[in-house]
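*Asks:* Can you keep this structure in mind? I'll have questions shortly.
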Amino acid sequence: MKTSLKALVAAGGALAALGMAMTTTPAQAQGKTITLCWAAWDPANALVELSKDFTAKTGIGMKYEFVPWTNYADRFLNELNSHGALCDLIIGDSQWIGGAAENGQYVKLNDFFKKEGISMDDYMPATVVGYSEWPKNTPNYWALPAMGDAVGWTYRKDWFARPEIQKDFKAQYGRDLAVPKTLDELHDIAKFFQGREIDGKKVYGASIYTERGSEGITMGVSNYLYDYGFKYEDPKKPYAMEGFVNSPGAVKGLEAYKELYKCCTPPGASNSYMSEGLDAFKSGQVALQMNFFAFFPGLYKDPNVGGDKIGFFSNPAATTQATQLGGQGISVVSYSKNQNEALQYIKWFSGGDVQKKWWALGGYSCAKSVLNDPGFPNSAPFAGEFLKSMGMVVDFWAEPSYAQLLQAEQKRVHDYVVADKGTAKDALDGLVKDWQAIFKEEGKKF
Amino acid sequence: MTVAAHSVVDPTPRTRRFAGALVIVYAVITMIPLAWIFLTSFKSPDDAISYPPKIIFQPSLEGYCNLFTTRSRQTPDFIQTLGPPQGMCDDIARSRNMVIAGPSNYLPRFVNSLIIAFGSTVLAVALGTLSAYGFSRFRVPLKEDLLFFILSTRMMPPIAVAIPIYLMYRAVGLSDTRLGMILLYTSVNVSLAVWLLKGFIDEIPREYEEAAMIDGYTRFQAFVRVVLPQATTGIAATAIFCLIFAWNEYAFAVLLTSGNAQTSPPFIPIIIGEGGQDWPAVAAGTTLFLVPIVVFTVLLRKHLLRGITFGAVRK
Amino acid sequence: MNELSASSRIAYPAAAAQPRVTHRLRGLSDRALAWLFITPTILLLLAINIFPLIWTIYLSFTNYRANRANVPTRWLGLDWYQSILTDPDIWAAMQVTAHFVIWTVIIETVLGFGLAFLIDKKFRGHGAWTTIILLPMMLSPAVVGNFWTFLYQPQIGLFNYVIGFVFGRAPSSFQMLGDVTLSPWAIVIVDAWMWTPYVMLICLAGLRSIPDYIYEAAEVDRASKLRQFWSITLPMALPFIMLAVLFRGIENFKMFDMVNLLTGGGPGSTTEVASITLKRAAFESWRTGYSSAFAIILFVTVFGLANIYVKALNRVKSR
């Protein structure tokens, strides 16, 4: 015992020394390397592919730090707040821009844009407001729009096309089974598929966002709230939320979302976000899936459910029609020691050819040169729906206190939708109170 | 011991067999999750999420391949244009229309775990041995208060400790550094080390040192040449307990590290595949991560009780 | 001697003898050496434990936020303490924590003591089986806890399959992590799985510390086995059981890693233990002042409860 313990400790020491030796690789010697931080998802793989051209052209090496979505905000906001220099470039979420700008975490890009002749007029307006500007609707730019995105839906085109299913549906609902135009129709379709046997397998209606820990359920429920007339604030009186956040319409929207969750989602979907949605759809469990457009190129390529089997549509309407904005701009971190190289990357990335290739590889370019091309809507089966969605996007608060505002909504909505606590009205009234308290702490007048 | 002396209180063979059977049933049930991790690590992704769960399956190393690589999806036409696959992992990836894009972060995180765990252990044991000797042999003012203070540092919830440490490390540039994590884990482990080692050193008769000092050794020499060799077992056992703590720690690691100094525990749960979690890869990462601890546990079984109760209970 | 350290020396029958060495030869004096040996540890703890603790106390009186460099810090006095102690959400989190602590401690104590009692029967091969039983507690709660989310999956998880099979229900008819009534138990089950061996080990030491002659005397008096259990085994093992309860209680009051990975506090807030609430406030909302106040409240609570408990433990011991 005694000797074996001793031997172990000695072996451990040797192992640690080996570890030290392994981590000091000589790679640093040749030219500069910059690190780009983003989420771990399909478009990030496309960006790695795309960036090979940058390295070839400039000799600047690229390193990546990709984190799954559910940890992405926690991890990178922590990184920024700790003044870390891990990331030279960061593709940060649209809602971070207020905090990152006001706390000096991003480099302001106005002078750089002017010097390099990069004009924000060349980008789709919704993406410039959403990803670059703080304060919103002022010409203060903190990022270059990098990845346009919004919430959309996918459906099983092959199931929709089956005659026996079409017949069944018509018998039950008195109309043809087709892509839903309203949220009510979507509910019917989800209910129709829930528990149905297809090819000997039990399938379910829809996969929707219900995740509690980060931003999942908020990103999901927003699509319903917006459609039913929810507004973050009085358009005429900033931060006045009473009667807008908890308007009768908004209450109805929240109720509709809960109904959909209770009736038509797979069992165990109480904490699901993007990746759970992908899993449910790819494994053939669900007929409908709510997810970000960013995943659609990958889904279209999927060997099991892609190609002819998949269809795409933008968020259907209720009393009005809108959809949740996703997407990110690319920013230079102010703590970075390689700001020049990072700016060089942004300049390269803004180039017309690069933007074209970006779209071809599966990234959603925000450049007008790509989106306004007459061939764009037909360049992919989801391209037209993407354009339509980007025309009606709404974003969550982008205030510096966004994380706190988000947490409040996550809690209120999850408590109501998943944990069956109180009524929809209670949840939204509570949310107004939470948000008012947060803005009061911020010293906002309303 | 003689059988005769215990015959009155010794359980009957039937009681023994019955007790043994119950304990074995419990042990088997408690092993199932660990066995499942191990089995899942050798499943293909399809087998891992099949229903009903598969116990018999075609073993595959895909989980281990996925653990150590990142892959990107490509069209079959593109894959046709590539040369012959390089190695087994490449072969598996291509059969799924993927190509290996590069190494994953698992290895660097594992190396961080090694460096931070061993570094903090060496420091904590060194400091702990000195202090334990000091507390054991000398009249230290406020001794009991100091010992209690050392122990009470373990009562703070880790998140509560992390708040000021975060600010402090940010101010002095220790955020997301291995050095910062080593210092933090050392400070947590040193309380364990002091308490454990004090127990071990208390057991070494002080006559040994006294004899050495009569022979002309200084106190320090006596400590180095007499006490330390006697305490080797205790030091080794303490070291492994410190190592296990630092190896398993999650809360500090997830809050205070990012890309440079992150250890395995915050990394393993976020290993994802194309969609959600890549369970065979997570299981493979978990298995590799657990193996050293299983070995240590078997080696340590005689000291376990003392280690996990801060030396409060000994057999 | 302090109460808590007194308790943790439960098994030290003899207090350490006072130093009687008077030799002072060449080199450092004993006193200098003592300080030389002890000071580095104390300095490290001062730098990484005490200084931060004082800083936390200071921050808890301010509106400081770690993510706002430009906002001037304002002194708030006891405002945070007041708002935390009157916040129903905080009390809900404390209730969740209490549920978790109480049930895990009860289950682990009953199972752990039962196991120790059985192992103490010294059946053939008990050493090897004991080592196997001990394994779960040595593993990383985060890494293993994460894997339990897989075992708990309603469609493909082993747990649901086995329970469904045993009780003749469809595995996907219930969900451990997504259901409001089941999820508090889901975290209790995993904790009990991990830490029952811990209680078992301490109880085993307690059982083995009971000298055989007491049982022999009881046999002579013809006391029944049940009587022996109630009047000898349990009372004599009680200080050890209580010690195990103390350690588990403190650990689970601080619980973060396992629950964070299993449920992240959900669904809704049904498994949001205090540490998760604290983490959200401190590292997601970045309300540093507020969360510092909460941290201090938690620390005082653990410390206070532990001290009260130790008093009870000492009373049991001295009986």
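Each chain in the structure tokens gets a letter, A, B, ..., in the order shown, and its residues are numbered from 1; ligands are numbered from 1 in order too.
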Please provide as an mmCIF file with N, CA and C atoms, in the first residue's frame all residues within 10 Å of Gly173 of chain B, with the sequence filter that same-chain residues fewer than 6 positions apart are discarded (counting only C-alpha atoms).
*Replies:*
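As written to disk, selection.cif reads:
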data_model
loop_
_atom_site.group_PDB
_atom_site.id
_atom_site.type_symbol
_atom_site.label_atom_id
_atom_site.label_comp_id
_atom_site.auth_asym_id
_atom_site.auth_seq_id
_atom_site.Cartn_x
_atom_site.Cartn_y
_atom_site.Cartn_z
ATOM 1 N N SER A 82 -14.999 39.632 -17.377
ATOM 2 C CA SER A 82 -13.741 39.430 -16.654
ATOM 3 C C SER A 82 -12.585 40.095 -17.397
ATOM 4 N N HIS A 83 -12.908 40.850 -18.442
ATOM 5 C CA HIS A 83 -11.915 41.559 -19.253
ATOM 6 C C HIS A 83 -10.910 40.591 -19.866
ATOM 7 N N GLY A 84 -11.399 39.419 -20.218
ATOM 8 C CA GLY A 84 -10.515 38.389 -20.759
ATOM 9 C C GLY A 84 -10.107 38.701 -22.189
ATOM 10 N N LEU B 167 -13.766 39.036 -8.979
ATOM 11 C CA LEU B 167 -13.352 40.441 -9.041
ATOM 12 C C LEU B 167 -11.861 40.581 -8.779
ATOM 13 N N GLY B 180 -4.132 30.876 -11.412
ATOM 14 C CA GLY B 180 -5.249 31.300 -10.573
ATOM 15 C C GLY B 180 -6.019 30.106 -10.030
#
*Asks:* Check the DSSP output for the backbone and give back, as a PDB file with C-alpha atoms, in the first residue's frame, the residues of segment 127-227 of chain C in helix (DSSP H, G or I).
*Replies:*
ATOM      1  CA  GLY C 127     -14.333  -5.825   1.711  1.00  0.00           C
ATOM      2  CA  ALA C 128     -14.508  -5.970  -2.067  1.00  0.00           C
ATOM      3  CA  TRP C 129     -18.226  -5.195  -2.196  1.00  0.00           C
ATOM      4  CA  THR C 130     -17.752  -2.273   0.146  1.00  0.00           C
ATOM      5  CA  THR C 131     -15.149  -0.792  -2.165  1.00  0.00           C
ATOM      6  CA  ILE C 132     -17.528  -1.147  -5.107  1.00  0.00           C
ATOM      7  CA  ILE C 133     -20.330   0.562  -3.196  1.00  0.00           C
ATOM      8  CA  LEU C 134     -18.005   3.460  -2.387  1.00  0.00           C
ATOM      9  CA  LEU C 135     -17.270   4.300  -6.008  1.00  0.00           C
ATOM     10  CA  PRO C 136     -20.079   6.761  -6.839  1.00  0.00           C
ATOM     11  CA  MET C 137     -19.103   9.239  -4.130  1.00  0.00           C
ATOM     12  CA  MET C 138     -15.565   9.578  -5.415  1.00  0.00           C
ATOM     13  CA  PRO C 141     -20.903  15.212  -9.350  1.00  0.00           C
ATOM     14  CA  ALA C 142     -20.914  17.443 -12.411  1.00  0.00           C
ATOM     15  CA  VAL C 143     -19.709  14.869 -14.895  1.00  0.00           C
ATOM     16  CA  VAL C 144     -21.783  12.024 -13.494  1.00  0.00           C
ATOM     17  CA  GLY C 145     -24.798  14.249 -12.834  1.00  0.00           C
ATOM     18  CA  ASN C 146     -24.715  15.271 -16.458  1.00  0.00           C
ATOM     19  CA  PHE C 147     -24.910  11.659 -17.522  1.00  0.00           C
ATOM     20  CA  TRP C 148     -27.993  11.139 -15.385  1.00  0.00           C
ATOM     21  CA  THR C 149     -29.920  13.474 -17.686  1.00  0.00           C
ATOM     22  CA  PHE C 150     -29.416  10.766 -20.280  1.00  0.00           C
ATOM     23  CA  LEU C 151     -30.600   8.027 -17.923  1.00  0.00           C
ATOM     24  CA  LEU C 158     -32.445   3.509 -18.892  1.00  0.00           C
ATOM     25  CA  PHE C 159     -34.033   4.780 -15.679  1.00  0.00           C
ATOM     26  CA  ASN C 160     -37.443   5.263 -17.216  1.00  0.00           C
ATOM     27  CA  TYR C 161     -37.161   1.968 -19.013  1.00  0.00           C
ATOM     28  CA  VAL C 162     -36.328   0.018 -15.856  1.00  0.00           C
ATOM     29  CA  ILE C 163     -38.935   1.748 -13.697  1.00  0.00           C
ATOM     30  CA  GLY C 164     -41.511   1.406 -16.443  1.00  0.00           C
ATOM     31  CA  PHE C 165     -40.663  -2.276 -16.800  1.00  0.00           C
ATOM     32  CA  VAL C 166     -40.867  -2.938 -13.063  1.00  0.00           C
ATOM     33  CA  PHE C 167     -44.160  -1.117 -12.597  1.00  0.00           C
ATOM     34  CA  PRO C 171     -41.445   4.387 -20.010  1.00  0.00           C
ATOM     35  CA  SER C 172     -42.444   7.630 -21.657  1.00  0.00           C
ATOM     36  CA  SER C 173     -45.553   7.997 -19.497  1.00  0.00           C
ATOM     37  CA  SER C 183     -38.144  16.665 -10.553  1.00  0.00           C
ATOM     38  CA  PRO C 184     -37.464  17.468  -6.873  1.00  0.00           C
ATOM     39  CA  TRP C 185     -37.234  13.711  -6.390  1.00  0.00           C
ATOM     40  CA  ALA C 186     -35.059  13.230  -9.440  1.00  0.00           C
ATOM     41  CA  ILE C 187     -32.298  15.269  -7.828  1.00  0.00           C
ATOM     42  CA  VAL C 188     -32.816  13.521  -4.495  1.00  0.00           C
ATOM     43  CA  ILE C 189     -32.380  10.130  -6.184  1.00  0.00           C
ATOM     44  CA  VAL C 190     -29.100  11.073  -7.828  1.00  0.00           C
ATOM     45  CA  ASP C 191     -27.749  12.584  -4.636  1.00  0.00           C
ATOM     46  CA  ALA C 192     -28.762   9.514  -2.651  1.00  0.00           C
ATOM     47  CA  TRP C 193     -27.101   7.313  -5.239  1.00  0.00           C
ATOM     48  CA  MET C 194     -23.876   9.272  -4.960  1.00  0.00           C
ATOM     49  CA  TRP C 195     -23.698   9.889  -1.223  1.00  0.00           C
ATOM     50  CA  THR C 196     -25.350   6.969   0.559  1.00  0.00           C
ATOM     51  CA  PRO C 197     -21.937   5.237   0.578  1.00  0.00           C
ATOM     52  CA  TYR C 198     -20.528   8.208   2.429  1.00  0.00           C
ATOM     53  CA  VAL C 199     -22.984   7.830   5.287  1.00  0.00           C
ATOM     54  CA  MET C 200     -22.486   4.084   5.141  1.00  0.00           C
ATOM     55  CA  LEU C 201     -18.748   4.435   5.630  1.00  0.00           C
ATOM     56  CA  ILE C 202     -19.060   6.675   8.674  1.00  0.00           C
ATOM     57  CA  CYS C 203     -21.769   4.479  10.194  1.00  0.00           C
ATOM     58  CA  LEU C 204     -19.596   1.442   9.616  1.00  0.00           C
ATOM     59  CA  ALA C 205     -16.820   3.066  11.609  1.00  0.00           C
ATOM     60  CA  GLY C 206     -19.369   3.743  14.348  1.00  0.00           C
ATOM     61  CA  LEU C 207     -20.572   0.156  14.424  1.00  0.00           C
ATOM     62  CA  ARG C 208     -17.045  -1.157  14.524  1.00  0.00           C
ATOM     63  CA  ASP C 212     -17.782  -6.789  21.569  1.00  0.00           C
ATOM     64  CA  TYR C 213     -17.934  -7.191  25.316  1.00  0.00           C
ATOM     65  CA  ILE C 214     -21.037  -5.023  25.500  1.00  0.00           C
ATOM     66  CA  TYR C 215     -22.905  -7.401  23.221  1.00  0.00           C
ATOM     67  CA  GLU C 216     -21.489 -10.323  25.137  1.00  0.00           C
ATOM     68  CA  ALA C 217     -22.842  -8.866  28.356  1.00  0.00           C
ATOM     69  CA  ALA C 218     -26.217  -8.321  26.708  1.00  0.00           C
ATOM     70  CA  GLU C 219     -26.262 -11.947  25.555  1.00  0.00           C
ATOM     71  CA  VAL C 220     -25.557 -13.037  29.089  1.00  0.00           C
ATOM     72  CA  LYS C 225     -31.474  -9.009  19.223  1.00  0.00           C
ATOM     73  CA  LEU C 226     -33.987  -6.266  18.692  1.00  0.00           C
ATOM     74  CA  ARG C 227     -33.461  -4.981  22.188  1.00  0.00           C
TER      75      ARG C 227
END
*Asks:* Identify every residue of chain C that has at least one atom within 6 Å of any atom of chain A, counting only C-alpha atoms, and report the result as a list in words.
*Replies:* Asn67, Arg68, Pro154, Gln175, Gly178, Val180, Gly264, Pro267, Gly268 and Ser285 of chain C
*Asks:* Nearest to Tyr133 of chain B: which of B:Val224, B:Val295, B:Cys65, B:Met213 is it, counting only C-alpha atoms?
*Replies:* B:Val224
*Asks:* Compute the set of chain B residues within 6 Å of chain A, using only C-alpha atoms, and express it as a list in words.
*Replies:*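 Applying the cut-off to the listed atoms yields Val111, Leu114, Ile115, Arg170, Thr233, Ala236, Gly275 and Gly276 of chain B.
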*Asks:* Now that the selection is made, can you save its residues with N, CA and C atoms as a compact mmCIF listing (two decimals), in the first residue's frame?
*Replies:*
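part-v1.txt, written as the output of this step:
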# COMPACT_ATOMS: atom_id res chain seq x y z
N VAL B 111 -5.58 18.10 -20.19
CA VAL B 111 -4.25 18.52 -19.75
C VAL B 111 -4.37 19.61 -18.68
N LEU B 114 -5.11 18.00 -15.50
CA LEU B 114 -3.91 17.38 -14.92
C LEU B 114 -3.05 18.43 -14.24
N ILE B 115 -2.76 19.50 -14.97
CA ILE B 115 -1.85 20.51 -14.44
C ILE B 115 -2.42 21.16 -13.18
N ARG B 170 -9.82 39.30 -11.69
CA ARG B 170 -9.92 40.24 -12.81
C ARG B 170 -8.95 41.40 -12.58
N THR B 233 3.11 7.71 4.15
CA THR B 233 1.80 7.14 3.79
C THR B 233 0.70 8.19 3.94
N ALA B 236 0.92 10.71 1.17
CA ALA B 236 0.43 10.18 -0.10
C ALA B 236 -1.09 10.12 -0.10
N GLY B 275 -26.46 17.75 -33.60
CA GLY B 275 -27.67 18.28 -32.99
C GLY B 275 -27.42 18.50 -31.54
N GLY B 276 -27.99 17.63 -30.71
CA GLY B 276 -27.82 17.76 -29.28
C GLY B 276 -26.58 17.06 -28.80
*Asks:* Pick from B:Asp176, B:Asp46, B:Asp91, B:Glu62: nearest to chain C, with only C-alpha atoms counted?
*Replies:* B:Asp46
*Asks:* Using only C-alpha atoms, which residues sit within 9 Å of Thr97 of chain C once same-chain residues fewer than 2 positions away are excluded, as a list in words?
*Replies:*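 Residues near the query, excluding close chain neighbours: Ala92, Ala93, Met94, Gln95, His99, Phe100, Val101, Ile102, Asn252, Phe253, Lys254, Met255, Thr271, Glu272, Val273, Ala274 and Ser275 of chain C.
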*Asks:* Store the residues picked out above, limited to C-alpha atoms, as a PDB file, in the first residue's frame.
*Replies:*
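So selection.pdb came out as:
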ATOM      1  CA  ALA C  92     -39.116  29.571  -2.428  1.00  0.00           C
ATOM      2  CA  ALA C  93     -35.490  28.756  -3.211  1.00  0.00           C
ATOM      3  CA  MET C  94     -34.777  28.194   0.467  1.00  0.00           C
ATOM      4  CA  GLN C  95     -37.759  25.876   0.621  1.00  0.00           C
ATOM      5  CA  HIS C  99     -36.651  19.859   0.799  1.00  0.00           C
ATOM      6  CA  PHE C 100     -33.537  18.671  -0.955  1.00  0.00           C
ATOM      7  CA  VAL C 101     -31.359  18.691   2.169  1.00  0.00           C
ATOM      8  CA  ILE C 102     -33.915  17.047   4.445  1.00  0.00           C
ATOM      9  CA  ASN C 252     -26.124  19.662   0.302  1.00  0.00           C
ATOM     10  CA  PHE C 253     -26.980  23.102   1.557  1.00  0.00           C
ATOM     11  CA  LYS C 254     -24.184  24.318  -0.734  1.00  0.00           C
ATOM     12  CA  MET C 255     -25.279  22.029  -3.589  1.00  0.00           C
ATOM     13  CA  THR C 271     -35.539  22.577  -8.281  1.00  0.00           C
ATOM     14  CA  GLU C 272     -33.920  25.974  -7.972  1.00  0.00           C
ATOM     15  CA  VAL C 273     -31.762  25.480  -4.883  1.00  0.00           C
ATOM     16  CA  ALA C 274     -30.181  28.490  -3.209  1.00  0.00           C
ATOM     17  CA  SER C 275     -26.831  28.139  -4.975  1.00  0.00           C
TER      18      SER C 275
END
*Asks:* For the contact check between chain B and chain C, emit one row per residue of chain B within 6 Å, containing the shortest atom pair and the distance in Å rounded to one decimal, counting only C-alpha atoms, chain then rising number order, as a Markdown table.
*Replies:*
| residue | atom | partner | partner_atom | distance |
| --- | --- | --- | --- | --- |
| B:Arg16 | CA | C:Phe123 | CA | 4.9 |
| B:Ala19 | CA | C:Leu118 | CA | 4.9 |
| B:Gly20 | CA | C:Phe123 | CA | 5.5 |
| B:Ala27 | CA | C:Ile133 | CA | 5.3 |
| B:Ile49 | CA | C:Ile156 | CA | 5.8 |
| B:Tyr51 | CA | C:Ile156 | CA | 5.4 |
| B:Leu127 | CA | C:Thr41 | CA | 5.8 |
| B:Leu130 | CA | C:Phe37 | CA | 4.8 |
| B:Ser131 | CA | C:Ile38 | CA | 4.4 |
| B:Gly134 | CA | C:Ala34 | CA | 4.9 |
| B:Arg137 | CA | C:Pro19 | CA | 5.8 |
| B:Glu144 | CA | C:Met1 | CA | 5.9 |
| B:Phe148 | CA | C:Ser5 | CA | 5.8 |
| B:Met156 | CA | C:Phe299 | CA | 5.5 |
| B:Pro157 | CA | C:Lys254 | CA | 4.8 |
| B:Ala160 | CA | C:Ala295 | CA | 5.0 |
| B:Pro164 | CA | C:Pro52 | CA | 5.2 |
| B:Ser187 | CA | C:Leu45 | CA | 5.9 |
| B:Thr218 | CA | C:Arg26 | CA | 5.9 |
| B:Asn248 | CA | C:Ser140 | CA | 4.3 |
| B:Pro265 | CA | C:Val143 | CA | 5.7 |
| B:Pro269 | CA | C:Asn146 | CA | 6.0 |
| B:Ala312 | CA | C:Ser8 | CA | 4.5 |
| B:Val313 | CA | C:Ala11 | CA | 5.4 |
*Asks:* So what do you get for atom CA of Tyr232 of chain A versus atom CA of Asp149 of chain A, distance-wise?
*Replies:* 20.2 Å
*Asks:* Can you tell me, as a list of chain:residue names, what residues are no more than 10 Å from Gln58 of chain B when counting only C-alpha atoms, ignoring any on the same chain fewer than 5 positions away?
*Replies:*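 Counting only the stated atoms, we get B:Phe42, B:Lys43, B:Ser44, B:Asp47.
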*Asks:* Please save N, CA and C atoms of the selected residues as a compact mmCIF listing (two decimals), in the first residue's frame.
*Replies:*
# COMPACT_ATOMS: atom_id res chain seq x y z
N PHE B 42 -19.09 2.86 -25.92
CA PHE B 42 -18.71 1.99 -27.04
C PHE B 42 -19.86 1.78 -28.02
N LYS B 43 -20.90 2.58 -27.89
CA LYS B 43 -22.03 2.43 -28.81
C LYS B 43 -21.89 3.39 -29.97
N SER B 44 -22.54 3.05 -31.05
CA SER B 44 -22.66 4.03 -32.13
C SER B 44 -23.78 4.98 -31.72
N ASP B 47 -27.18 3.40 -31.78
CA ASP B 47 -27.44 2.44 -30.71
C ASP B 47 -27.66 3.14 -29.38
*Asks:* I want to know what sits within 10 Å of Ala212 of chain B, based on only C-alpha atoms, with residues of the same chain fewer than 6 positions away left out; could you give that as a VMD selection string?
*Replies:* chain B and resid 218 to 219 221 to 223 225 to 226
*Asks:* As a list in words, list the residues of segment 187-309 of chain A assigned to strand (DSSP E or B) by DSSP on the backbone atoms of this structure.
*Replies:*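 Reading the DSSP output for segment 187-309 of chain A, strand (DSSP E or B) covers Glu197, Ile198, Lys201, Lys202, Tyr204, Gly205, Ala206, Ser207, Asp234, Lys237, Val286, Ala287, Leu288, Gln289, Met290, Asn291 and Phe292 of chain A.
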*Asks:* Let's have the selection written as a CSV table (one decimal), in the first residue's frame, with C-alpha atoms.
*Replies:*
chain,number,residue,atom,x,y,z
A,197,GLU,CA,-48.6,6.1,-36.0
A,198,ILE,CA,-46.4,6.7,-39.1
A,201,LYS,CA,-43.6,4.6,-35.2
A,202,LYS,CA,-45.4,6.9,-32.9
A,204,TYR,CA,-45.7,13.8,-32.2
A,205,GLY,CA,-46.9,17.2,-33.3
A,206,ALA,CA,-44.3,19.9,-32.9
A,207,SER,CA,-41.0,20.6,-31.3
A,234,ASP,CA,-45.4,52.0,-25.5
A,237,LYS,CA,-43.4,56.4,-24.3
A,286,VAL,CA,-42.1,15.3,-35.0
A,287,ALA,CA,-44.0,16.7,-37.9
A,288,LEU,CA,-43.2,20.4,-37.1
A,289,GLN,CA,-40.2,22.0,-35.7
A,290,MET,CA,-39.7,25.6,-34.5
A,291,ASN,CA,-36.1,26.6,-35.0
A,292,PHE,CA,-33.7,29.2,-36.2
*Asks:* Excluding Ala231 of chain B and residues on its chain fewer than 5 positions from it, collect all residues at most 8 Å away from it, counting only C-alpha atoms, and give them as a list of chain:residue names.
*Replies:*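 These residues fall inside the cut-off: B:Phe200, B:Ile201, B:Ile204.
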*Asks:* Which residues are close to segment 189-196 of chain B, i.e. within 6 Å by only C-alpha atoms, leaving aside same-chain residues fewer than 2 positions away? Reply as a PDB file with N, CA and C atoms, in the first residue's frame.
*Replies:*
ATOM      1  N   ALA B 124      -0.765  22.300  -1.911  1.00  0.00           N
ATOM      2  CA  ALA B 124      -1.585  22.132  -0.702  1.00  0.00           C
ATOM      3  C   ALA B 124      -0.918  21.157   0.250  1.00  0.00           C
ATOM      4  N   VAL B 125      -0.358  20.084  -0.291  1.00  0.00           N
ATOM      5  CA  VAL B 125       0.260  19.097   0.589  1.00  0.00           C
ATOM      6  C   VAL B 125       1.518  19.678   1.224  1.00  0.00           C
ATOM      7  N   GLY B 128       0.344  22.153   3.736  1.00  0.00           N
ATOM      8  CA  GLY B 128      -0.385  21.418   4.769  1.00  0.00           C
ATOM      9  C   GLY B 128       0.552  20.649   5.675  1.00  0.00           C
ATOM     10  N   ALA B 132       0.676  21.361   9.508  1.00  0.00           N
ATOM     11  CA  ALA B 132       0.236  20.270  10.375  1.00  0.00           C
ATOM     12  C   ALA B 132       1.325  19.959  11.388  1.00  0.00           C
ATOM     13  N   ILE B 150      -9.381  27.415   9.827  1.00  0.00           N
ATOM     14  CA  ILE B 150      -8.989  26.703   8.622  1.00  0.00           C
ATOM     15  C   ILE B 150     -10.112  25.798   8.139  1.00  0.00           C
ATOM     16  N   LEU B 151     -10.781  25.154   9.088  1.00  0.00           N
ATOM     17  CA  LEU B 151     -11.875  24.256   8.718  1.00  0.00           C
ATOM     18  C   LEU B 151     -13.077  25.025   8.192  1.00  0.00           C
ATOM     19  N   TYR B 185      -7.624  26.292  -5.783  1.00  0.00           N
ATOM     20  CA  TYR B 185      -7.795  24.912  -5.317  1.00  0.00           C
ATOM     21  C   TYR B 185      -6.862  24.626  -4.150  1.00  0.00           C
ATOM     22  N   THR B 186      -5.676  25.237  -4.174  1.00  0.00           N
ATOM     23  CA  THR B 186      -4.762  25.033  -3.049  1.00  0.00           C
ATOM     24  C   THR B 186      -5.396  25.558  -1.773  1.00  0.00           C
ATOM     25  N   SER B 187      -5.998  26.736  -1.866  1.00  0.00           N
ATOM     26  CA  SER B 187      -6.565  27.309  -0.647  1.00  0.00           C
ATOM     27  C   SER B 187      -7.715  26.458  -0.137  1.00  0.00           C
ATOM     28  N   LYS B 198      -2.337  16.554  10.251  1.00  0.00           N
ATOM     29  CA  LYS B 198      -2.143  16.707  11.687  1.00  0.00           C
ATOM     30  C   LYS B 198      -2.453  15.382  12.375  1.00  0.00           C
ATOM     31  N   GLY B 199      -3.493  14.716  11.946  1.00  0.00           N
ATOM     32  CA  GLY B 199      -3.818  13.410  12.515  1.00  0.00           C
ATOM     33  C   GLY B 199      -2.702  12.409  12.311  1.00  0.00           C
ATOM     34  N   CYS B 242      -6.652  15.385  -2.041  1.00  0.00           N
ATOM     35  CA  CYS B 242      -6.614  16.726  -2.631  1.00  0.00           C
ATOM     36  C   CYS B 242      -6.794  16.636  -4.151  1.00  0.00           C
ATOM     37  N   PHE B 310     -12.375  14.682   6.990  1.00  0.00           N
ATOM     38  CA  PHE B 310     -11.369  15.626   7.479  1.00  0.00           C
ATOM     39  C   PHE B 310     -10.588  15.046   8.658  1.00  0.00           C
ATOM     40  N   GLY B 311     -10.419  13.760   8.683  1.00  0.00           N
ATOM     41  CA  GLY B 311      -9.671  13.160   9.773  1.00  0.00           C
ATOM     42  C   GLY B 311     -10.482  13.041  11.055  1.00  0.00           C
TER      43      GLY B 311
END
